[in-house]
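Here's the structure, in structure tokens; my notes come after.
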Amino acid sequence: MVTNTLLQVKNLKKHYPIDKGLFKGKDYVKAVDDVSFSIQRGETFGLVGESGCGKSTTGRTLIRLNEPTSGQILFEGQDISQLSYEEMRKTRRKLQMVFQDPYASLNPKKTIRQILTEPLRVHGLYTKEEREEKAAEIMEIVGLHTSQLDRYPHEFSGGQRQRIGIARSVILQPDLIIADEPVSALDVSIQSQVINLLLKLQKEFNLTYIFISHDLGVVKHITDRVAVMYLGKIVELANTDDLYDKPRHPYTQALLSAEPVRHPDEKRNRIILKGDVPSPVNPPSGCTFHTRCASCMAICKTEVPKLRQLVGGGSVACHLYNE
Ligand code: SF4
């Protein structure tokens with residue numbers, strides 16, 4: 001149930017200085033470039049786009065695994081981009097991340113018991129016995145067995161490891177979980193099990209998710225709203241059903257046209273994008289999508305389109321919708 005704003009992101013930027021080559025010391029990679037959106041408590045918000053569009057960097061910057069270059073990150077009304085290291089460490093209990101590669105994100109030298117109790121210990125929560133109880137409890141909740149607590153990560157399958165990664169995030173009872181491509185490293189048969197687990201946990205613990213993925217089919221299934229990113233900017237933001245039924249931005253239209261059809265009678269005209277995603281070091285002028293857009297007009301090459309709210313809902317950054 002959507003009740004109130006949990007997170008508000010205002011003009012967030014993450015620029016990396018270039019430290020080698022032709023542009024050394026002169027320019028920046030604008031990985032996240034003036035991104036704004038807000039998320040309601042209990043909502044699942046999708047961030048989609050091709051590889052290199054800035055969606056993962058946005059996720060990591062929101063919990064300051066990457067330090068923002070500028071902008072505000074208002075979590076429960078407090079700007080967490082200004083918190084000290086220690087204050088942020090305490091706040092991070094409420095903002096957790098689930099990573100793509102469940103194996104790399106689990107310490108291979110620690111047992112599952114240690115992996116699950118450590119976040120509670122670090123945050124000074126509960127007695128040792130209570131932490132052990134919590135670990136056993138969360139193992140059952142994510143569909144694993146307490147008898148597996150003293151095993152090591154390598155003794156589990158990819159799907160089980162992702163369940164452990166999710167358990168480690170949920171054990172702290174966070175408000176917001178940022179899931180960065182949480183199922184893309186898993187077999188298709190396992191993906192839906194992990195997605196169903198995320199949905200079950202959301203209900204049980206009233207979680208809010210930011211779900212980052214390049215897989216539009218998965219995003220359609222799990223999210224309430226979606227933001228589409230291209231070269232560090234949001235180019236379209238809408239309710240999930242509206243975005244999939246009626247994509248407005250030419251980039252969104254192209255992405256969706258490449259999705260496999262769900263029914264043999266369904267016809268879809270595939271839009272083939274010209275060329276590769278341009279380098280974020282030296283992005284095209286005006287609308288950064290203009291080099292690949294079949295609807296490109298003269299204005300598109302010089303003026304950056306603003307993300308505008310449309311009558312009837314949703315927002316789009318495209319000069320086709322200027323009126
Ligand atoms: Fe295409 Fe112009 Fe819209 Fe950019 S602003 S997506 S180039 S029509």
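Residues are named by chain letter and number: chains run A, B, ... in the order of the structure tokens, numbers start at 1 in each chain, and ligands are numbered from 1 in the order shown.
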
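Residues within 8 Å of segment 316-323 of chain A, counting only C-alpha atoms and excluding same-chain residues fewer than 4 positions away, are Ile234, Val235, Glu236, Leu237, Arg248, His249, Cys287, Ile299, Cys300, Pro305, Lys306, Leu307, Arg308, Gln309 and Leu310 of chain A.
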
Using the selection just defined, write its residues with all heavy atoms as a short mmCIF file (atom, residue, chain, number, x, y, z; two decimals), in the first residue's frame.
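Result saved to selection34.cif:
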```
data_model
loop_
_atom_site.label_atom_id
_atom_site.label_comp_id
_atom_site.auth_asym_id
_atom_site.auth_seq_id
_atom_site.Cartn_x
_atom_site.Cartn_y
_atom_site.Cartn_z
N ILE A 234 17.50 10.37 -16.90
CA ILE A 234 16.18 9.73 -17.04
C ILE A 234 15.52 10.35 -18.27
O ILE A 234 15.38 11.57 -18.36
CB ILE A 234 15.32 9.94 -15.79
CG1 ILE A 234 15.91 9.15 -14.62
CG2 ILE A 234 13.87 9.48 -16.05
CD1 ILE A 234 15.17 9.32 -13.31
N VAL A 235 15.12 9.50 -19.22
CA VAL A 235 14.46 10.02 -20.42
C VAL A 235 12.95 9.78 -20.38
O VAL A 235 12.21 10.44 -21.11
CB VAL A 235 15.07 9.43 -21.72
CG1 VAL A 235 16.52 9.86 -21.87
CG2 VAL A 235 14.93 7.92 -21.77
N GLU A 236 12.51 8.84 -19.55
CA GLU A 236 11.06 8.63 -19.40
C GLU A 236 10.80 8.01 -18.04
O GLU A 236 11.57 7.17 -17.57
CB GLU A 236 10.52 7.72 -20.52
CG GLU A 236 9.01 7.54 -20.42
CD GLU A 236 8.36 7.04 -21.71
OE1 GLU A 236 9.06 6.74 -22.68
OE2 GLU A 236 7.11 6.98 -21.72
N LEU A 237 9.70 8.44 -17.43
CA LEU A 237 9.31 7.89 -16.13
C LEU A 237 7.78 7.77 -16.12
O LEU A 237 7.10 8.74 -16.44
CB LEU A 237 9.78 8.85 -15.02
CG LEU A 237 9.85 8.33 -13.59
CD1 LEU A 237 10.73 9.25 -12.75
CD2 LEU A 237 8.52 8.16 -12.94
N ARG A 248 6.49 6.52 -24.69
CA ARG A 248 6.49 7.81 -25.42
C ARG A 248 7.85 8.11 -26.03
O ARG A 248 7.94 8.58 -27.13
CB ARG A 248 6.13 8.96 -24.47
CG ARG A 248 4.99 8.69 -23.52
CD ARG A 248 3.67 8.79 -24.22
NE ARG A 248 2.59 8.69 -23.26
CZ ARG A 248 1.66 9.61 -23.06
NH1 ARG A 248 1.67 10.70 -23.77
NH2 ARG A 248 0.73 9.43 -22.16
N HIS A 249 8.89 7.92 -25.24
CA HIS A 249 10.22 8.31 -25.73
C HIS A 249 10.69 7.31 -26.80
O HIS A 249 10.54 6.09 -26.63
CB HIS A 249 11.21 8.31 -24.55
CG HIS A 249 12.48 9.03 -24.84
ND1 HIS A 249 13.48 8.48 -25.61
CD2 HIS A 249 12.90 10.27 -24.50
CE1 HIS A 249 14.48 9.35 -25.70
NE2 HIS A 249 14.14 10.45 -25.04
N CYS A 287 19.95 16.62 -27.35
CA CYS A 287 19.46 15.33 -26.85
C CYS A 287 20.53 14.29 -27.13
O CYS A 287 20.90 14.06 -28.30
CB CYS A 287 18.16 14.96 -27.56
SG CYS A 287 17.65 13.27 -27.22
N ILE A 299 16.17 20.87 -33.72
CA ILE A 299 16.28 21.32 -32.31
C ILE A 299 16.98 20.27 -31.43
O ILE A 299 17.66 20.60 -30.46
CB ILE A 299 14.87 21.67 -31.75
CG1 ILE A 299 14.99 22.30 -30.37
CG2 ILE A 299 13.96 20.48 -31.74
CD1 ILE A 299 13.66 22.72 -29.75
N CYS A 300 16.82 19.01 -31.80
CA CYS A 300 17.35 17.91 -30.98
C CYS A 300 18.88 17.95 -30.90
O CYS A 300 19.47 17.45 -29.94
CB CYS A 300 16.93 16.56 -31.54
SG CYS A 300 15.15 16.39 -31.74
N PRO A 305 16.57 18.30 -24.11
CA PRO A 305 15.15 18.26 -23.72
C PRO A 305 15.00 18.05 -22.20
O PRO A 305 15.72 17.25 -21.61
CB PRO A 305 14.59 17.05 -24.49
CG PRO A 305 15.77 16.20 -24.77
CD PRO A 305 16.99 17.07 -24.80
N LYS A 306 14.09 18.81 -21.61
CA LYS A 306 13.85 18.67 -20.16
C LYS A 306 12.86 17.53 -19.92
O LYS A 306 12.01 17.25 -20.76
CB LYS A 306 13.23 19.96 -19.62
CG LYS A 306 14.19 21.11 -19.58
CD LYS A 306 13.65 22.18 -18.61
CE LYS A 306 14.65 23.28 -18.42
NZ LYS A 306 14.73 24.18 -19.57
N LEU A 307 12.98 16.89 -18.75
CA LEU A 307 12.01 15.87 -18.37
C LEU A 307 10.72 16.58 -17.96
O LEU A 307 10.68 17.25 -16.94
CB LEU A 307 12.55 15.02 -17.21
CG LEU A 307 11.77 13.77 -16.83
CD1 LEU A 307 11.81 12.72 -17.92
CD2 LEU A 307 12.31 13.17 -15.53
N ARG A 308 9.69 16.48 -18.82
CA ARG A 308 8.43 17.20 -18.57
C ARG A 308 7.33 16.24 -18.21
O ARG A 308 7.25 15.15 -18.79
CB ARG A 308 7.95 17.90 -19.86
CG ARG A 308 8.77 19.04 -20.30
CD ARG A 308 8.30 19.44 -21.70
NE ARG A 308 9.38 20.07 -22.43
CZ ARG A 308 9.62 21.37 -22.38
NH1 ARG A 308 8.85 22.15 -21.68
NH2 ARG A 308 10.63 21.89 -23.04
N GLN A 309 6.47 16.74 -17.31
CA GLN A 309 5.31 15.93 -16.94
C GLN A 309 4.26 16.03 -18.04
O GLN A 309 4.02 17.13 -18.57
CB GLN A 309 4.72 16.44 -15.65
CG GLN A 309 4.42 15.29 -14.75
CD GLN A 309 4.19 15.70 -13.32
OE1 GLN A 309 4.52 16.80 -12.91
NE2 GLN A 309 3.59 14.79 -12.59
N LEU A 310 3.67 14.93 -18.41
CA LEU A 310 2.67 14.93 -19.48
C LEU A 310 1.26 14.96 -18.89
O LEU A 310 1.04 14.42 -17.80
CB LEU A 310 2.82 13.68 -20.35
CG LEU A 310 4.17 13.48 -21.02
CD1 LEU A 310 4.20 12.14 -21.74
CD2 LEU A 310 4.45 14.60 -22.01
#
```

Segment 166-179 of chain A surroundings by only C-alpha atoms, 6 Å radius, close-in-sequence under 4 positions cut, as a list in words: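 The residues that qualify are Arg93, Lys94, Leu95, Gln96, Met97, Val98, Leu116, Leu207, Thr208, Tyr209, Ile210 and Phe211 of chain A.
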
Polymer residues at most 12 Å from segment 148-153 of chain A, only C-alpha atoms, same-chain spacing of 2 or more positions, as a ChimeraX atom specification: /A:102-117,132-140,143-146,155-165

Can those selected residues be exported to a file as a PDB file, in the first residue's frame so that it contains C-alpha atoms?
```pdb
ATOM      1  CA  PRO A 102      25.671 -13.560  -5.245  1.00  0.00           C
ATOM      2  CA  TYR A 103      28.997 -15.384  -5.082  1.00  0.00           C
ATOM      3  CA  ALA A 104      31.258 -12.336  -5.218  1.00  0.00           C
ATOM      4  CA  SER A 105      29.128 -10.533  -2.637  1.00  0.00           C
ATOM      5  CA  LEU A 106      29.483 -13.258   0.021  1.00  0.00           C
ATOM      6  CA  ASN A 107      32.751 -13.695   1.922  1.00  0.00           C
ATOM      7  CA  PRO A 108      33.927 -17.223   0.952  1.00  0.00           C
ATOM      8  CA  LYS A 109      35.810 -17.645   4.242  1.00  0.00           C
ATOM      9  CA  LYS A 110      32.765 -17.108   6.424  1.00  0.00           C
ATOM     10  CA  THR A 111      29.961 -19.503   7.248  1.00  0.00           C
ATOM     11  CA  ILE A 112      26.383 -18.484   6.475  1.00  0.00           C
ATOM     12  CA  ARG A 113      25.840 -18.103  10.224  1.00  0.00           C
ATOM     13  CA  GLN A 114      28.684 -15.550  10.375  1.00  0.00           C
ATOM     14  CA  ILE A 115      27.505 -13.797   7.204  1.00  0.00           C
ATOM     15  CA  LEU A 116      23.981 -13.389   8.563  1.00  0.00           C
ATOM     16  CA  THR A 117      24.810 -12.415  12.140  1.00  0.00           C
ATOM     17  CA  GLU A 132      21.679 -16.614  16.178  1.00  0.00           C
ATOM     18  CA  GLU A 133      17.898 -16.935  16.487  1.00  0.00           C
ATOM     19  CA  LYS A 134      17.374 -14.177  13.912  1.00  0.00           C
ATOM     20  CA  ALA A 135      19.765 -15.910  11.509  1.00  0.00           C
ATOM     21  CA  ALA A 136      17.880 -19.200  11.865  1.00  0.00           C
ATOM     22  CA  GLU A 137      14.560 -17.416  11.401  1.00  0.00           C
ATOM     23  CA  ILE A 138      15.606 -15.593   8.234  1.00  0.00           C
ATOM     24  CA  MET A 139      17.043 -18.808   6.742  1.00  0.00           C
ATOM     25  CA  GLU A 140      13.593 -20.398   6.963  1.00  0.00           C
ATOM     26  CA  GLY A 143      13.499 -20.935   1.845  1.00  0.00           C
ATOM     27  CA  LEU A 144      16.735 -22.403   3.205  1.00  0.00           C
ATOM     28  CA  HIS A 145      17.273 -24.729   6.130  1.00  0.00           C
ATOM     29  CA  THR A 146      18.790 -23.935   9.518  1.00  0.00           C
ATOM     30  CA  GLU A 155      28.473 -25.218  -0.954  1.00  0.00           C
ATOM     31  CA  PHE A 156      25.345 -23.508  -2.351  1.00  0.00           C
ATOM     32  CA  SER A 157      23.915 -23.091  -5.844  1.00  0.00           C
ATOM     33  CA  GLY A 158      23.671 -19.635  -7.473  1.00  0.00           C
ATOM     34  CA  GLY A 159      19.984 -19.334  -6.580  1.00  0.00           C
ATOM     35  CA  GLN A 160      20.612 -20.352  -2.958  1.00  0.00           C
ATOM     36  CA  ARG A 161      23.485 -17.869  -2.705  1.00  0.00           C
ATOM     37  CA  GLN A 162      21.201 -15.095  -3.904  1.00  0.00           C
ATOM     38  CA  ARG A 163      18.679 -16.152  -1.234  1.00  0.00           C
ATOM     39  CA  ILE A 164      21.488 -15.774   1.321  1.00  0.00           C
ATOM     40  CA  GLY A 165      22.386 -12.331  -0.098  1.00  0.00           C
TER      41      GLY A 165
END
```

If we count only C-alpha atoms, what is near Ser81 of chain A at a cut-off of 8 Å, once residues fewer than 2 positions away on the same chain are taken out, given as a list in words? Arg64, Glu67, Pro68, Gly71, Gln72, Ile73, Leu74, Asp79 and Leu83 of chain A

Taken to one decimal, the atom CA of Asn4 of chain A-atom CA of Ser213 of chain A distance is 24.6 Å

Pick out the residues sitting within 9 Å of Arg270 of chain A, and hand them over as number ranges by chain; count only C-alpha atoms, and ignore anything fewer than 5 positions along from it in its own chain. A: 254, 256-259

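From atom CA of Asp180 of chain A back to atom CA of Thr240 of chain A, the distance works out to 18.3 Å.
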
For ligand 1, the closest of A:Thr302, A:Thr288, A:Gln100, A:Ser36 counting only C-alpha atoms and all ligand atoms is A:Thr288

Using atom CA of Leu7 of chain A and atom CA of Ile63 of chain A as the two end points, give the distance in Å to one decimal.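 Between these atoms lies a distance of 11.2 Å.
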
Which of segment 225-281 of chain A DSSP labels alpha helix (DSSP H), written as a PDB file with all heavy atoms, in the first residue's frame:
```pdb
ATOM      1  N   THR A 240       4.203   1.539 -14.545  1.00  0.00           N
ATOM      2  CA  THR A 240       4.679   0.412 -15.355  1.00  0.00           C
ATOM      3  C   THR A 240       3.697   0.052 -16.476  1.00  0.00           C
ATOM      4  O   THR A 240       4.099  -0.084 -17.641  1.00  0.00           O
ATOM      5  CB  THR A 240       4.944  -0.815 -14.448  1.00  0.00           C
ATOM      6  OG1 THR A 240       5.858  -0.406 -13.426  1.00  0.00           O
ATOM      7  CG2 THR A 240       5.521  -1.981 -15.218  1.00  0.00           C
ATOM      8  N   ASP A 241       2.404  -0.048 -16.142  1.00  0.00           N
ATOM      9  CA  ASP A 241       1.433  -0.451 -17.170  1.00  0.00           C
ATOM     10  C   ASP A 241       1.396   0.575 -18.301  1.00  0.00           C
ATOM     11  O   ASP A 241       1.350   0.210 -19.482  1.00  0.00           O
ATOM     12  CB  ASP A 241       0.031  -0.607 -16.567  1.00  0.00           C
ATOM     13  CG  ASP A 241      -0.045  -1.834 -15.676  1.00  0.00           C
ATOM     14  OD1 ASP A 241       0.859  -2.684 -15.788  1.00  0.00           O
ATOM     15  OD2 ASP A 241      -0.997  -1.940 -14.881  1.00  0.00           O
ATOM     16  N   ASP A 242       1.411   1.862 -17.932  1.00  0.00           N
ATOM     17  CA  ASP A 242       1.366   2.919 -18.957  1.00  0.00           C
ATOM     18  C   ASP A 242       2.611   2.869 -19.842  1.00  0.00           C
ATOM     19  O   ASP A 242       2.524   2.999 -21.064  1.00  0.00           O
ATOM     20  CB  ASP A 242       1.282   4.310 -18.305  1.00  0.00           C
ATOM     21  CG  ASP A 242      -0.030   4.486 -17.556  1.00  0.00           C
ATOM     22  OD1 ASP A 242      -0.956   3.701 -17.821  1.00  0.00           O
ATOM     23  OD2 ASP A 242      -0.107   5.383 -16.708  1.00  0.00           O
ATOM     24  N   LEU A 243       3.759   2.674 -19.208  1.00  0.00           N
ATOM     25  CA  LEU A 243       5.010   2.677 -19.975  1.00  0.00           C
ATOM     26  C   LEU A 243       5.041   1.525 -20.991  1.00  0.00           C
ATOM     27  O   LEU A 243       5.457   1.700 -22.138  1.00  0.00           O
ATOM     28  CB  LEU A 243       6.210   2.567 -19.036  1.00  0.00           C
ATOM     29  CG  LEU A 243       7.546   2.738 -19.750  1.00  0.00           C
ATOM     30  CD1 LEU A 243       8.154   4.099 -19.409  1.00  0.00           C
ATOM     31  CD2 LEU A 243       8.532   1.651 -19.394  1.00  0.00           C
ATOM     32  N   TYR A 244       4.565   0.360 -20.557  1.00  0.00           N
ATOM     33  CA  TYR A 244       4.604  -0.797 -21.464  1.00  0.00           C
ATOM     34  C   TYR A 244       3.497  -0.728 -22.516  1.00  0.00           C
ATOM     35  O   TYR A 244       3.678  -1.186 -23.643  1.00  0.00           O
ATOM     36  CB  TYR A 244       4.523  -2.112 -20.672  1.00  0.00           C
ATOM     37  CG  TYR A 244       5.851  -2.477 -20.037  1.00  0.00           C
ATOM     38  CD1 TYR A 244       6.294  -1.824 -18.899  1.00  0.00           C
ATOM     39  CD2 TYR A 244       6.680  -3.436 -20.600  1.00  0.00           C
ATOM     40  CE1 TYR A 244       7.520  -2.129 -18.320  1.00  0.00           C
ATOM     41  CE2 TYR A 244       7.905  -3.757 -20.019  1.00  0.00           C
ATOM     42  CZ  TYR A 244       8.311  -3.096 -18.884  1.00  0.00           C
ATOM     43  OH  TYR A 244       9.534  -3.390 -18.325  1.00  0.00           O
ATOM     44  N   ASP A 245       2.341  -0.131 -22.142  1.00  0.00           N
ATOM     45  CA  ASP A 245       1.243  -0.026 -23.108  1.00  0.00           C
ATOM     46  C   ASP A 245       1.501   1.072 -24.124  1.00  0.00           C
ATOM     47  O   ASP A 245       1.153   0.937 -25.294  1.00  0.00           O
ATOM     48  CB  ASP A 245      -0.086   0.308 -22.390  1.00  0.00           C
ATOM     49  CG  ASP A 245      -0.622  -0.896 -21.645  1.00  0.00           C
ATOM     50  OD1 ASP A 245      -0.083  -1.992 -21.871  1.00  0.00           O
ATOM     51  OD2 ASP A 245      -1.548  -0.725 -20.835  1.00  0.00           O
ATOM     52  N   PRO A 250      11.287   7.817 -27.891  1.00  0.00           N
ATOM     53  CA  PRO A 250      11.758   6.909 -28.942  1.00  0.00           C
ATOM     54  C   PRO A 250      12.720   5.831 -28.431  1.00  0.00           C
ATOM     55  O   PRO A 250      12.735   4.709 -28.960  1.00  0.00           O
ATOM     56  CB  PRO A 250      12.455   7.848 -29.930  1.00  0.00           C
ATOM     57  CG  PRO A 250      11.735   9.151 -29.768  1.00  0.00           C
ATOM     58  CD  PRO A 250      11.406   9.242 -28.294  1.00  0.00           C
ATOM     59  N   TYR A 251      13.503   6.153 -27.397  1.00  0.00           N
ATOM     60  CA  TYR A 251      14.420   5.144 -26.852  1.00  0.00           C
ATOM     61  C   TYR A 251      13.630   4.033 -26.143  1.00  0.00           C
ATOM     62  O   TYR A 251      13.904   2.844 -26.328  1.00  0.00           O
ATOM     63  CB  TYR A 251      15.404   5.808 -25.879  1.00  0.00           C
ATOM     64  CG  TYR A 251      16.366   4.839 -25.233  1.00  0.00           C
ATOM     65  CD1 TYR A 251      17.211   4.047 -26.007  1.00  0.00           C
ATOM     66  CD2 TYR A 251      16.439   4.705 -23.852  1.00  0.00           C
ATOM     67  CE1 TYR A 251      18.091   3.146 -25.415  1.00  0.00           C
ATOM     68  CE2 TYR A 251      17.311   3.821 -23.251  1.00  0.00           C
ATOM     69  CZ  TYR A 251      18.133   3.041 -24.041  1.00  0.00           C
ATOM     70  OH  TYR A 251      19.004   2.154 -23.457  1.00  0.00           O
ATOM     71  N   THR A 252      12.620   4.423 -25.354  1.00  0.00           N
ATOM     72  CA  THR A 252      11.787   3.414 -24.676  1.00  0.00           C
ATOM     73  C   THR A 252      11.086   2.555 -25.722  1.00  0.00           C
ATOM     74  O   THR A 252      10.986   1.328 -25.581  1.00  0.00           O
ATOM     75  CB  THR A 252      10.728   4.098 -23.775  1.00  0.00           C
ATOM     76  OG1 THR A 252      11.344   5.148 -23.042  1.00  0.00           O
ATOM     77  CG2 THR A 252      10.092   3.123 -22.827  1.00  0.00           C
ATOM     78  N   GLN A 253      10.591   3.205 -26.770  1.00  0.00           N
ATOM     79  CA  GLN A 253       9.890   2.452 -27.824  1.00  0.00           C
ATOM     80  C   GLN A 253      10.823   1.413 -28.444  1.00  0.00           C
ATOM     81  O   GLN A 253      10.433   0.271 -28.686  1.00  0.00           O
ATOM     82  CB  GLN A 253       9.384   3.426 -28.890  1.00  0.00           C
ATOM     83  CG  GLN A 253       8.244   4.299 -28.392  1.00  0.00           C
ATOM     84  CD  GLN A 253       7.919   5.466 -29.319  1.00  0.00           C
ATOM     85  OE1 GLN A 253       8.607   5.704 -30.311  1.00  0.00           O
ATOM     86  NE2 GLN A 253       6.876   6.206 -28.987  1.00  0.00           N
ATOM     87  N   ALA A 254      12.077   1.818 -28.667  1.00  0.00           N
ATOM     88  CA  ALA A 254      13.043   0.885 -29.274  1.00  0.00           C
ATOM     89  C   ALA A 254      13.362  -0.266 -28.322  1.00  0.00           C
ATOM     90  O   ALA A 254      13.407  -1.435 -28.736  1.00  0.00           O
ATOM     91  CB  ALA A 254      14.317   1.631 -29.651  1.00  0.00           C
ATOM     92  N   LEU A 255      13.562   0.053 -27.042  1.00  0.00           N
ATOM     93  CA  LEU A 255      13.867  -1.007 -26.062  1.00  0.00           C
ATOM     94  C   LEU A 255      12.733  -2.030 -25.996  1.00  0.00           C
ATOM     95  O   LEU A 255      12.965  -3.237 -26.026  1.00  0.00           O
ATOM     96  CB  LEU A 255      14.047  -0.415 -24.658  1.00  0.00           C
ATOM     97  CG  LEU A 255      15.340   0.325 -24.325  1.00  0.00           C
ATOM     98  CD1 LEU A 255      15.320   0.741 -22.855  1.00  0.00           C
ATOM     99  CD2 LEU A 255      16.571  -0.532 -24.588  1.00  0.00           C
ATOM    100  N   LEU A 256      11.496  -1.515 -25.929  1.00  0.00           N
ATOM    101  CA  LEU A 256      10.351  -2.427 -25.810  1.00  0.00           C
ATOM    102  C   LEU A 256      10.111  -3.216 -27.091  1.00  0.00           C
ATOM    103  O   LEU A 256       9.644  -4.360 -27.038  1.00  0.00           O
ATOM    104  CB  LEU A 256       9.091  -1.654 -25.411  1.00  0.00           C
ATOM    105  CG  LEU A 256       9.075  -1.154 -23.960  1.00  0.00           C
ATOM    106  CD1 LEU A 256       7.852  -0.295 -23.701  1.00  0.00           C
ATOM    107  CD2 LEU A 256       9.084  -2.324 -22.983  1.00  0.00           C
ATOM    108  N   SER A 257      10.441  -2.618 -28.228  1.00  0.00           N
ATOM    109  CA  SER A 257      10.219  -3.331 -29.488  1.00  0.00           C
ATOM    110  C   SER A 257      11.137  -4.549 -29.615  1.00  0.00           C
ATOM    111  O   SER A 257      10.867  -5.461 -30.385  1.00  0.00           O
ATOM    112  CB  SER A 257      10.433  -2.393 -30.681  1.00  0.00           C
ATOM    113  OG  SER A 257      11.806  -2.250 -30.959  1.00  0.00           O
TER     114      SER A 257
END
```

Which of these, A:Lys90, A:Arg268, A:Lys203, A:Lys301, has the shortest distance to ligand 1 once you count only C-alpha atoms and all ligand atoms?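 Of all the options, A:Lys301 lies closest to ligand 1.
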
As a PyMOL selection string, which residues of segment 172-297 of chain A does DSSP assign to strand (DSSP E or B)? chain A and resi 176-180+208-213+225-230+233-239

Generate a file of the selected residues that holds N, CA, C and O atoms, formatted as a short mmCIF file (atom, residue, chain, number, x, y, z; two decimals), in the first residue's frame.
```
data_model
loop_
_atom_site.label_atom_id
_atom_site.label_comp_id
_atom_site.auth_asym_id
_atom_site.auth_seq_id
_atom_site.Cartn_x
_atom_site.Cartn_y
_atom_site.Cartn_z
N LEU A 176 14.36 0.31 2.73
CA LEU A 176 14.57 0.34 1.28
C LEU A 176 15.65 -0.66 0.89
O LEU A 176 16.72 -0.70 1.51
N ILE A 177 15.36 -1.46 -0.13
CA ILE A 177 16.38 -2.36 -0.68
C ILE A 177 16.61 -1.98 -2.14
O ILE A 177 15.66 -1.86 -2.92
N ILE A 178 17.88 -1.77 -2.47
CA ILE A 178 18.24 -1.50 -3.86
C ILE A 178 18.78 -2.81 -4.42
O ILE A 178 19.82 -3.32 -3.97
N ALA A 179 18.03 -3.38 -5.34
CA ALA A 179 18.41 -4.68 -5.92
C ALA A 179 18.99 -4.43 -7.31
O ALA A 179 18.28 -4.00 -8.21
N ASP A 180 20.30 -4.65 -7.44
CA ASP A 180 21.00 -4.34 -8.69
C ASP A 180 21.15 -5.61 -9.53
O ASP A 180 21.99 -6.44 -9.23
N THR A 208 10.38 -1.41 0.54
CA THR A 208 10.35 -0.59 -0.67
C THR A 208 11.55 -1.03 -1.50
O THR A 208 12.64 -1.19 -0.95
N TYR A 209 11.36 -1.20 -2.80
CA TYR A 209 12.47 -1.66 -3.64
C TYR A 209 12.80 -0.66 -4.74
O TYR A 209 11.90 -0.08 -5.35
N ILE A 210 14.10 -0.54 -5.00
CA ILE A 210 14.53 0.00 -6.29
C ILE A 210 15.10 -1.21 -7.04
O ILE A 210 16.03 -1.86 -6.55
N PHE A 211 14.50 -1.52 -8.15
CA PHE A 211 14.85 -2.74 -8.88
C PHE A 211 15.56 -2.33 -10.17
O PHE A 211 14.95 -1.76 -11.07
N ILE A 212 16.86 -2.60 -10.23
CA ILE A 212 17.68 -2.20 -11.37
C ILE A 212 17.86 -3.39 -12.29
O ILE A 212 18.30 -4.46 -11.84
N SER A 213 17.51 -3.22 -13.56
CA SER A 213 17.62 -4.36 -14.46
C SER A 213 17.63 -3.92 -15.93
O SER A 213 17.07 -2.89 -16.27
N ARG A 225 6.38 1.48 -10.90
CA ARG A 225 6.75 2.57 -11.82
C ARG A 225 8.15 2.27 -12.35
O ARG A 225 8.93 1.56 -11.71
N VAL A 226 8.43 2.87 -13.49
CA VAL A 226 9.73 2.61 -14.13
C VAL A 226 10.34 3.92 -14.62
O VAL A 226 9.63 4.77 -15.18
N ALA A 227 11.65 4.08 -14.41
CA ALA A 227 12.40 5.17 -15.02
C ALA A 227 13.36 4.56 -16.03
O ALA A 227 14.07 3.61 -15.72
N VAL A 228 13.35 5.11 -17.24
CA VAL A 228 14.25 4.63 -18.29
C VAL A 228 15.44 5.59 -18.37
O VAL A 228 15.25 6.81 -18.48
N MET A 229 16.65 5.03 -18.30
CA MET A 229 17.85 5.88 -18.33
C MET A 229 18.61 5.72 -19.64
O MET A 229 18.68 4.62 -20.20
N TYR A 230 19.19 6.83 -20.09
CA TYR A 230 20.05 6.79 -21.27
C TYR A 230 21.19 7.78 -21.03
O TYR A 230 20.96 8.96 -20.71
N LYS A 233 20.99 9.97 -17.83
CA LYS A 233 19.80 10.79 -17.56
C LYS A 233 18.53 9.92 -17.63
O LYS A 233 18.49 8.94 -18.38
N ILE A 234 17.50 10.37 -16.90
CA ILE A 234 16.18 9.73 -17.04
C ILE A 234 15.52 10.35 -18.27
O ILE A 234 15.38 11.57 -18.36
N VAL A 235 15.12 9.50 -19.22
CA VAL A 235 14.46 10.02 -20.42
C VAL A 235 12.95 9.78 -20.38
O VAL A 235 12.21 10.44 -21.11
N GLU A 236 12.51 8.84 -19.55
CA GLU A 236 11.06 8.63 -19.40
C GLU A 236 10.80 8.01 -18.04
O GLU A 236 11.57 7.17 -17.57
N LEU A 237 9.70 8.44 -17.43
CA LEU A 237 9.31 7.89 -16.13
C LEU A 237 7.78 7.77 -16.12
O LEU A 237 7.10 8.74 -16.44
N ALA A 238 7.28 6.59 -15.81
CA ALA A 238 5.82 6.39 -15.87
C ALA A 238 5.41 5.19 -15.03
O ALA A 238 6.26 4.37 -14.63
N ASN A 239 4.10 5.08 -14.80
CA ASN A 239 3.57 3.85 -14.19
C ASN A 239 3.92 2.69 -15.13
O ASN A 239 3.90 2.85 -16.36
#
```
